[in-house]
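This is target-v6.pdb. It holds PDB, C-alpha atoms, pLDDT in the B column.
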```
ATOM      1  CA  MET A  24     -40.059 -52.028-151.359  1.00 47.00           C
ATOM      2  CA  PRO A  25     -39.761 -52.713-147.625  1.00 51.00           C
ATOM      3  CA  GLY A  26     -37.214 -50.430-145.993  1.00 51.00           C
ATOM      4  CA  ASP A  27     -37.423 -47.747-148.684  1.00 58.00           C
ATOM      5  CA  VAL A  28     -38.102 -44.291-147.415  1.00 55.00           C
ATOM      6  CA  ARG A  29     -39.988 -41.785-149.466  1.00 59.00           C
ATOM      7  CA  VAL A  30     -39.046 -38.205-148.795  1.00 54.00           C
ATOM      8  CA  ALA A  31     -41.424 -35.421-149.706  1.00 58.00           C
ATOM      9  CA  ALA A  32     -39.376 -32.259-150.125  1.00 57.00           C
ATOM     10  CA  PRO A  33     -40.791 -30.210-153.000  1.00 62.00           C
ATOM     11  CA  PHE A  34     -38.163 -27.505-152.375  1.00 62.00           C
ATOM     12  CA  LEU A  35     -35.224 -29.963-152.898  1.00 64.00           C
ATOM     13  CA  ASP A  36     -34.261 -31.911-155.989  1.00 70.00           C
ATOM     14  CA  ALA A  37     -33.461 -35.654-155.830  1.00 71.00           C
ATOM     15  CA  GLU A  38     -29.694 -35.027-155.557  1.00 75.00           C
ATOM     16  CA  ALA A  39     -30.136 -32.657-152.604  1.00 71.00           C
ATOM     17  CA  VAL A  40     -32.430 -35.135-150.837  1.00 68.00           C
ATOM     18  CA  ALA A  41     -29.842 -37.904-151.336  1.00 74.00           C
ATOM     19  CA  ALA A  42     -27.120 -35.648-149.890  1.00 73.00           C
ATOM     20  CA  VAL A  43     -29.211 -34.827-146.798  1.00 73.00           C
ATOM     21  CA  LEU A  44     -30.006 -38.499-146.206  1.00 72.00           C
ATOM     22  CA  ALA A  45     -26.360 -39.526-146.643  1.00 73.00           C
ATOM     23  CA  GLU A  46     -25.247 -36.886-144.118  1.00 74.00           C
ATOM     24  CA  ARG A  47     -27.868 -38.072-141.617  1.00 72.00           C
ATOM     25  CA  GLN A  48     -26.728 -41.674-142.106  1.00 72.00           C
ATOM     26  CA  ARG A  49     -23.101 -40.685-141.421  1.00 69.00           C
ATOM     27  CA  ALA A  50     -24.154 -38.775-138.299  1.00 70.00           C
ATOM     28  CA  LEU A  51     -26.094 -41.763-136.937  1.00 74.00           C
ATOM     29  CA  ALA A  52     -23.533 -44.448-137.860  1.00 65.00           C
ATOM     30  CA  PRO A  53     -21.680 -46.229-135.036  1.00 61.00           C
ATOM     31  CA  ALA A  54     -18.385 -44.554-134.141  1.00 56.00           C
ATOM     32  CA  GLU A  55     -16.237 -47.460-135.366  1.00 54.00           C
ATOM     33  CA  ALA A  56     -17.897 -47.363-138.797  1.00 48.00           C
ATOM     34  CA  ALA A  57     -17.943 -43.592-139.103  1.00 47.00           C
ATOM     35  CA  ASP A  58     -14.514 -43.105-140.667  1.00 53.00           C
ATOM     36  CA  ARG A  59     -13.118 -45.688-143.034  1.00 64.00           C
ATOM     37  CA  ARG A  60     -10.949 -43.194-144.927  1.00 67.00           C
ATOM     38  CA  ALA A  61      -7.246 -43.871-145.331  1.00 77.00           C
ATOM     39  CA  ARG A  62      -5.190 -42.656-142.397  1.00 81.00           C
ATOM     40  CA  MET A  63      -1.547 -41.757-141.915  1.00 85.00           C
ATOM     41  CA  ARG A  64       0.654 -41.270-138.863  1.00 90.00           C
ATOM     42  CA  VAL A  65       2.287 -37.903-138.267  1.00 91.00           C
ATOM     43  CA  LEU A  66       4.676 -36.421-135.749  1.00 92.00           C
ATOM     44  CA  THR A  67       3.548 -33.121-134.258  1.00 92.00           C
ATOM     45  CA  TRP A  68       6.073 -30.427-133.394  1.00 91.00           C
ATOM     46  CA  THR A  69       6.249 -26.750-132.570  1.00 90.00           C
ATOM     47  CA  LEU A  70       8.152 -23.843-133.978  1.00 88.00           C
ATOM     48  CA  GLY A  71       7.895 -21.132-131.356  1.00 84.00           C
ATOM     49  CA  GLU A  72       4.186 -20.997-130.539  1.00 82.00           C
ATOM     50  CA  GLU A  73       3.054 -22.503-133.869  1.00 84.00           C
ATOM     51  CA  ALA A  74       2.170 -26.214-134.134  1.00 87.00           C
ATOM     52  CA  TYR A  75       2.863 -28.367-137.214  1.00 90.00           C
ATOM     53  CA  ALA A  76       2.994 -32.011-138.223  1.00 92.00           C
ATOM     54  CA  THR A  77       5.160 -34.092-140.553  1.00 93.00           C
ATOM     55  CA  PRO A  78       4.259 -37.541-141.912  1.00 92.00           C
ATOM     56  CA  LEU A  79       6.260 -40.231-140.089  1.00 92.00           C
ATOM     57  CA  ALA A  80       7.095 -41.739-143.488  1.00 92.00           C
ATOM     58  CA  ASP A  81       9.110 -38.575-144.281  1.00 93.00           C
ATOM     59  CA  LEU A  82      11.307 -38.866-141.170  1.00 94.00           C
ATOM     60  CA  THR A  83      14.404 -40.898-140.474  1.00 92.00           C
ATOM     61  CA  GLU A  84      14.997 -39.889-136.883  1.00 92.00           C
ATOM     62  CA  VAL A  85      14.132 -37.414-134.141  1.00 93.00           C
ATOM     63  CA  ALA A  86      16.822 -36.269-131.707  1.00 92.00           C
ATOM     64  CA  ALA A  87      18.231 -33.414-129.672  1.00 93.00           C
ATOM     65  CA  VAL A  88      20.180 -30.858-131.697  1.00 93.00           C
ATOM     66  CA  PRO A  89      23.925 -31.623-131.456  1.00 94.00           C
ATOM     67  CA  ARG A  90      26.742 -29.078-131.751  1.00 94.00           C
ATOM     68  CA  VAL A  91      26.186 -26.911-134.837  1.00 94.00           C
ATOM     69  CA  THR A  92      28.918 -25.445-137.053  1.00 93.00           C
ATOM     70  CA  ALA A  93      27.880 -22.150-138.643  1.00 92.00           C
ATOM     71  CA  VAL A  94      28.554 -21.668-142.359  1.00 91.00           C
ATOM     72  CA  PRO A  95      29.575 -18.112-143.357  1.00 91.00           C
ATOM     73  CA  GLY A  96      27.570 -16.736-146.282  1.00 87.00           C
ATOM     74  CA  SER A  97      24.911 -19.441-146.065  1.00 85.00           C
ATOM     75  CA  PRO A  98      21.192 -18.854-146.685  1.00 85.00           C
ATOM     76  CA  ALA A  99      19.277 -17.426-143.720  1.00 82.00           C
ATOM     77  CA  ALA A 100      17.325 -20.674-143.282  1.00 87.00           C
ATOM     78  CA  LEU A 101      20.513 -22.744-142.850  1.00 90.00           C
ATOM     79  CA  VAL A 102      21.344 -22.871-139.142  1.00 91.00           C
ATOM     80  CA  GLY A 103      24.579 -24.713-139.914  1.00 93.00           C
ATOM     81  CA  LEU A 104      26.095 -28.136-140.371  1.00 94.00           C
ATOM     82  CA  ILE A 105      26.037 -31.011-137.944  1.00 94.00           C
ATOM     83  CA  SER A 106      27.783 -34.335-137.843  1.00 92.00           C
ATOM     84  CA  TRP A 107      25.153 -37.053-137.549  1.00 89.00           C
ATOM     85  CA  ARG A 108      25.827 -40.774-137.676  1.00 89.00           C
ATOM     86  CA  GLY A 109      29.019 -40.263-139.675  1.00 89.00           C
ATOM     87  CA  ALA A 110      27.515 -37.888-142.228  1.00 89.00           C
ATOM     88  CA  VAL A 111      27.361 -34.129-142.672  1.00 92.00           C
ATOM     89  CA  VAL A 112      23.759 -32.943-142.310  1.00 93.00           C
ATOM     90  CA  ASN A 113      22.396 -29.491-143.181  1.00 93.00           C
ATOM     91  CA  LEU A 114      20.368 -28.186-140.242  1.00 94.00           C
ATOM     92  CA  PHE A 115      17.595 -25.799-141.274  1.00 92.00           C
ATOM     93  CA  ASP A 116      15.245 -23.523-139.387  1.00 91.00           C
ATOM     94  CA  PRO A 117      11.934 -24.092-141.230  1.00 90.00           C
ATOM     95  CA  ALA A 118      10.578 -20.704-140.090  1.00 88.00           C
ATOM     96  CA  ALA A 119      11.974 -19.011-143.211  1.00 83.00           C
ATOM     97  CA  ALA A 120      10.216 -21.418-145.596  1.00 82.00           C
ATOM     98  CA  LEU A 121       6.993 -21.199-143.553  1.00 84.00           C
ATOM     99  CA  GLN A 122       7.242 -17.384-143.643  1.00 83.00           C
ATOM    100  CA  LEU A 123       7.333 -17.091-139.867  1.00 84.00           C
ATOM    101  CA  PRO A 124       9.592 -14.933-137.725  1.00 83.00           C
ATOM    102  CA  ALA A 125      12.512 -16.871-136.279  1.00 77.00           C
ATOM    103  CA  PRO A 126      11.668 -18.234-132.811  1.00 76.00           C
ATOM    104  CA  ALA A 127      13.103 -16.246-129.898  1.00 80.00           C
ATOM    105  CA  GLU A 128      15.035 -19.302-128.683  1.00 83.00           C
ATOM    106  CA  PRO A 129      16.834 -21.795-130.893  1.00 81.00           C
ATOM    107  CA  GLY A 130      15.126 -25.141-131.224  1.00 85.00           C
ATOM    108  CA  ARG A 131      16.308 -28.006-129.066  1.00 89.00           C
ATOM    109  CA  ALA A 132      14.995 -30.849-131.196  1.00 92.00           C
ATOM    110  CA  MET A 133      15.644 -31.866-134.773  1.00 93.00           C
ATOM    111  CA  LEU A 134      13.751 -33.889-137.317  1.00 94.00           C
ATOM    112  CA  VAL A 135      16.090 -35.753-139.662  1.00 94.00           C
ATOM    113  CA  LEU A 136      14.261 -35.969-142.970  1.00 93.00           C
ATOM    114  CA  ARG A 137      14.249 -38.958-145.296  1.00 90.00           C
ATOM    115  CA  HIS A 138      16.217 -37.248-148.081  1.00 83.00           C
ATOM    116  CA  ALA A 139      19.344 -38.818-149.574  1.00 77.00           C
ATOM    117  CA  ALA A 140      21.423 -35.876-150.774  1.00 82.00           C
ATOM    118  CA  PRO A 141      21.971 -33.425-149.365  1.00 87.00           C
ATOM    119  CA  ARG A 142      21.023 -34.718-145.949  1.00 90.00           C
ATOM    120  CA  ILE A 143      18.593 -32.423-144.180  1.00 92.00           C
ATOM    121  CA  ALA A 144      17.351 -31.913-140.635  1.00 94.00           C
ATOM    122  CA  LEU A 145      14.874 -29.354-139.311  1.00 94.00           C
ATOM    123  CA  GLN A 146      15.509 -27.526-136.064  1.00 94.00           C
ATOM    124  CA  VAL A 147      12.214 -27.310-134.159  1.00 93.00           C
ATOM    125  CA  SER A 148      11.283 -25.942-130.755  1.00 92.00           C
ATOM    126  CA  ALA A 149       9.819 -29.200-129.445  1.00 91.00           C
ATOM    127  CA  VAL A 150       8.435 -32.525-130.577  1.00 92.00           C
ATOM    128  CA  THR A 151       5.012 -32.957-129.020  1.00 90.00           C
ATOM    129  CA  ALA A 152       3.334 -36.247-130.056  1.00 88.00           C
ATOM    130  CA  ALA A 153       2.472 -38.769-132.716  1.00 87.00           C
ATOM    131  CA  ALA A 154      -1.035 -38.675-134.134  1.00 86.00           C
ATOM    132  CA  SER A 155      -3.228 -40.429-136.658  1.00 85.00           C
ATOM    133  CA  VAL A 156      -4.872 -38.213-139.278  1.00 84.00           C
ATOM    134  CA  VAL A 157      -7.052 -38.683-142.307  1.00 77.00           C
ATOM    135  CA  ASP A 158      -4.669 -38.975-145.262  1.00 70.00           C
ATOM    136  CA  PRO A 159      -5.203 -35.821-147.310  1.00 66.00           C
ATOM    137  CA  GLY A 160      -3.982 -37.476-150.523  1.00 65.00           C
ATOM    138  CA  ALA A 161      -3.082 -34.952-153.210  1.00 56.00           C
ATOM    139  CA  THR A 162      -3.192 -31.398-151.940  1.00 52.00           C
ATOM    140  CA  GLY A 163      -3.198 -28.045-153.629  1.00 53.00           C
ATOM    141  CA  VAL A 164      -0.213 -27.366-155.877  1.00 58.00           C
ATOM    142  CA  GLY A 165       2.285 -25.060-154.214  1.00 66.00           C
ATOM    143  CA  SER A 166       0.698 -25.213-150.779  1.00 78.00           C
ATOM    144  CA  LEU A 167       3.416 -25.733-148.169  1.00 82.00           C
ATOM    145  CA  THR A 168       0.916 -26.579-145.419  1.00 83.00           C
ATOM    146  CA  HIS A 169      -2.620 -27.901-145.357  1.00 80.00           C
ATOM    147  CA  PHE A 170      -4.976 -28.666-142.509  1.00 82.00           C
ATOM    148  CA  VAL A 171      -6.183 -32.141-141.614  1.00 79.00           C
ATOM    149  CA  GLU A 172      -8.260 -33.523-138.790  1.00 77.00           C
ATOM    150  CA  ALA A 173      -6.570 -35.762-136.242  1.00 76.00           C
ATOM    151  CA  ASP A 174      -8.259 -38.278-133.973  1.00 73.00           C
ATOM    152  CA  GLY A 175     -10.276 -36.400-131.407  1.00 72.00           C
ATOM    153  CA  GLY A 176     -11.108 -33.578-133.824  1.00 74.00           C
ATOM    154  CA  GLN A 177      -7.831 -31.654-133.442  1.00 75.00           C
ATOM    155  CA  ARG A 178      -6.852 -29.711-136.595  1.00 78.00           C
ATOM    156  CA  LEU A 179      -3.202 -29.985-137.580  1.00 82.00           C
ATOM    157  CA  ALA A 180      -1.160 -28.122-140.183  1.00 86.00           C
ATOM    158  CA  ILE A 181       0.687 -30.807-142.150  1.00 89.00           C
ATOM    159  CA  VAL A 182       3.899 -29.629-143.801  1.00 89.00           C
ATOM    160  CA  ASP A 183       4.447 -30.854-147.372  1.00 89.00           C
ATOM    161  CA  THR A 184       7.971 -32.193-146.849  1.00 88.00           C
ATOM    162  CA  ALA A 185       8.865 -32.403-150.551  1.00 88.00           C
ATOM    163  CA  LEU A 186       7.872 -28.776-151.157  1.00 87.00           C
ATOM    164  CA  LEU A 187       9.652 -27.670-147.966  1.00 88.00           C
ATOM    165  CA  ILE A 188      12.866 -29.311-149.184  1.00 87.00           C
ATOM    166  CA  GLN A 189      12.531 -27.592-152.580  1.00 86.00           C
ATOM    167  CA  ARG A 190      12.196 -24.206-150.909  1.00 84.00           C
ATOM    168  CA  LEU A 191      15.073 -24.815-148.521  1.00 84.00           C
ATOM    169  CA  LEU A 192      17.406 -25.988-151.296  1.00 83.00           C
ATOM    170  CA  ALA A 193      17.216 -22.816-153.357  1.00 69.00           C
ATOM    171  CA  ARG A 194      21.052 -22.692-153.219  1.00 58.00           C
ATOM    172  CA  PRO A 195      23.501 -25.628-153.425  1.00 53.00           C
ATOM    173  CA  LEU A 196      24.491 -26.970-150.011  1.00 48.00           C
ATOM    174  CA  GLN A 197      27.016 -29.289-148.411  1.00 47.00           C
ATOM    175  CA  GLU A 198      26.608 -32.936-149.352  1.00 48.00           C
ATOM    176  CA  GLY A 199      27.951 -35.688-147.193  1.00 44.00           C
TER
END
```

What is this file in structure tokens?
Amino acid sequence: MPGDVRVAAPFLDAEAVAAVLAERQRALAPAEAADRRARMRVLTWTLGEEAYATPLADLTEVAAVPRVTAVPGSPAALVGLISWRGAVVNLFDPAAALQLPAPAEPGRAMLVLRHAAPRIALQVSAVTAAASVVDPGATGVGSLTHFVEADGGQRLAIVDTALLIQRLLARPLQEG
């Protein structure tokens, strides 16, 4: 048939030839047609020198950390309680759940998570940008972070918010 290409590669089977041709087609495709995979928006932030991202759909608000009230006998990850928009919110340092040393300086920004009860915010060093990434879909079970590629080729560690909340809520906390 016109347009068909016959490939002579005695050292490759038909499936391998098809894979090579498909990869070449992707490489030669126009930039706008190159990536039609589902995308999601994330907010990038730092914890000390480490960079992370959280899906925007998992966030309610981003703000400066207000005055924090320490809670005696609380888990190490709980920085304390804050009053936010008329509610008591548990402010966590995610370093413990991410198995990182606590940052030398306390974070100045907080990410208020979309979680009804108890209300949760994460204290982070800085909020850096919003980005568009290829939606990873289902990830490995039990993996708190996974890498995705953002526009421009930057690799970001996306935090699984649901799993992070599970790890942070190992003990009952203040609801409000």

Report task. I need the residue set behind the PyMOL selection byres ((chain A and resi 114) around 10) for this file; please write it as a list in words. Result ->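 Selection result, ordered by chain and number: Val88, Val91, Thr92, Ala93, Ala100, Leu101, Val102, Gly103, Leu104, Ile105, Ser106, Val111, Val112, Asn113, Phe115, Asp116, Pro117, Met133, Leu134, Val135, Arg142, Ile143, Ala144, Leu145 and Gln146 of chain A.
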
Query raised in the report: In Å, how far is it from CA of Arg178 in chain A to CA of Val156 in chain A?
Result: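 Result for CA of Arg178 in chain A versus CA of Val156 in chain A: 9.1 Å, one decimal.
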
Requested in this report: Mind checking which residues fall within 9 Å of Ala173 in chain A, counting all atoms listed in the file, ignoring those fewer than 2 positions away in the same chain, and posting them as a PyMOL selection string?
Outcome: chain A and resi 154-157+171+175-179

Evaluate the PyMOL selection byres ((chain A and resi 180-187) around 6) against this structure - the residues, as a short mmCIF file (atom, residue, chain, number, x, y, z; two decimals) with C-alpha atoms, in the coordinates of the input, please.
```
data_model
loop_
_atom_site.label_atom_id
_atom_site.label_comp_id
_atom_site.auth_asym_id
_atom_site.auth_seq_id
_atom_site.Cartn_x
_atom_site.Cartn_y
_atom_site.Cartn_z
CA TYR A 75 2.86 -28.37 -137.21
CA ALA A 76 2.99 -32.01 -138.22
CA THR A 77 5.16 -34.09 -140.55
CA LEU A 167 3.42 -25.73 -148.17
CA THR A 168 0.92 -26.58 -145.42
CA HIS A 169 -2.62 -27.90 -145.36
CA PHE A 170 -4.98 -28.67 -142.51
CA LEU A 179 -3.20 -29.98 -137.58
CA ILE A 188 12.87 -29.31 -149.18
CA GLN A 189 12.53 -27.59 -152.58
CA ARG A 190 12.20 -24.21 -150.91
#
```

Query raised in the report: Could you work out how far CA of Pro141 in chain A lies from CA of Arg108 in chain A, giving the answer in Å with one decimal?
Result: 14.3 Å

**Report entry** Between CA of Ala87 in chain A and CA of Arg131 in chain A, distance in Å (one decimal)
**Finding:** 5.8 Å

Edge lengths and centre in Å to one decimal, as lines of an AutoDock Vina configuration file, of the axis-aligned box that encloses all listed atoms of range 142-151 of chain A with 4 Å added on every side?
```
center_x = 13.0
center_y = -30.3
center_z = -137.5
size_x = 24.0
size_y = 16.8
size_z = 24.9
```

Near-Gly71 in chain A list (12 Å; all atoms listed in the file; drop same-chain fewer than 5 positions) as a short mmCIF file (atom, residue, chain, number, x, y, z; two decimals) with C-alpha atoms, in the frame of the given file:
```
data_model
loop_
_atom_site.label_atom_id
_atom_site.label_comp_id
_atom_site.auth_asym_id
_atom_site.auth_seq_id
_atom_site.Cartn_x
_atom_site.Cartn_y
_atom_site.Cartn_z
CA ASP A 116 15.24 -23.52 -139.39
CA PRO A 117 11.93 -24.09 -141.23
CA ALA A 118 10.58 -20.70 -140.09
CA LEU A 123 7.33 -17.09 -139.87
CA PRO A 124 9.59 -14.93 -137.72
CA ALA A 125 12.51 -16.87 -136.28
CA PRO A 126 11.67 -18.23 -132.81
CA ALA A 127 13.10 -16.25 -129.90
CA GLU A 128 15.04 -19.30 -128.68
CA PRO A 129 16.83 -21.80 -130.89
CA GLY A 130 15.13 -25.14 -131.22
CA ARG A 131 16.31 -28.01 -129.07
CA GLN A 146 15.51 -27.53 -136.06
CA VAL A 147 12.21 -27.31 -134.16
CA SER A 148 11.28 -25.94 -130.76
CA ALA A 149 9.82 -29.20 -129.44
CA VAL A 150 8.44 -32.52 -130.58
#
```

I would like the residues chosen by the PyMOL selection byres ((chain A and resi 153) around 7) on the shown file; could you give them as an mmCIF file with C-alpha atoms, in the frame of the given file?
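And here's out_38.cif as it stands now:
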```cif
data_model
loop_
_atom_site.group_PDB
_atom_site.id
_atom_site.type_symbol
_atom_site.label_atom_id
_atom_site.label_comp_id
_atom_site.auth_asym_id
_atom_site.auth_seq_id
_atom_site.Cartn_x
_atom_site.Cartn_y
_atom_site.Cartn_z
ATOM 1 C CA ARG A 64 0.654 -41.270 -138.863
ATOM 2 C CA VAL A 65 2.287 -37.903 -138.267
ATOM 3 C CA LEU A 66 4.676 -36.421 -135.749
ATOM 4 C CA THR A 67 3.548 -33.121 -134.258
ATOM 5 C CA ALA A 152 3.334 -36.247 -130.056
ATOM 6 C CA ALA A 154 -1.035 -38.675 -134.134
#
```

Requested in this report: Using all atoms listed in the file, find the one residue out of A:Leu136, A:Leu121, A:Ala110, A:Leu192 that sits nearest to Ala74 in chain A.
Outcome: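 The answer is A:Leu121, which sits nearest to Ala74 in chain A.
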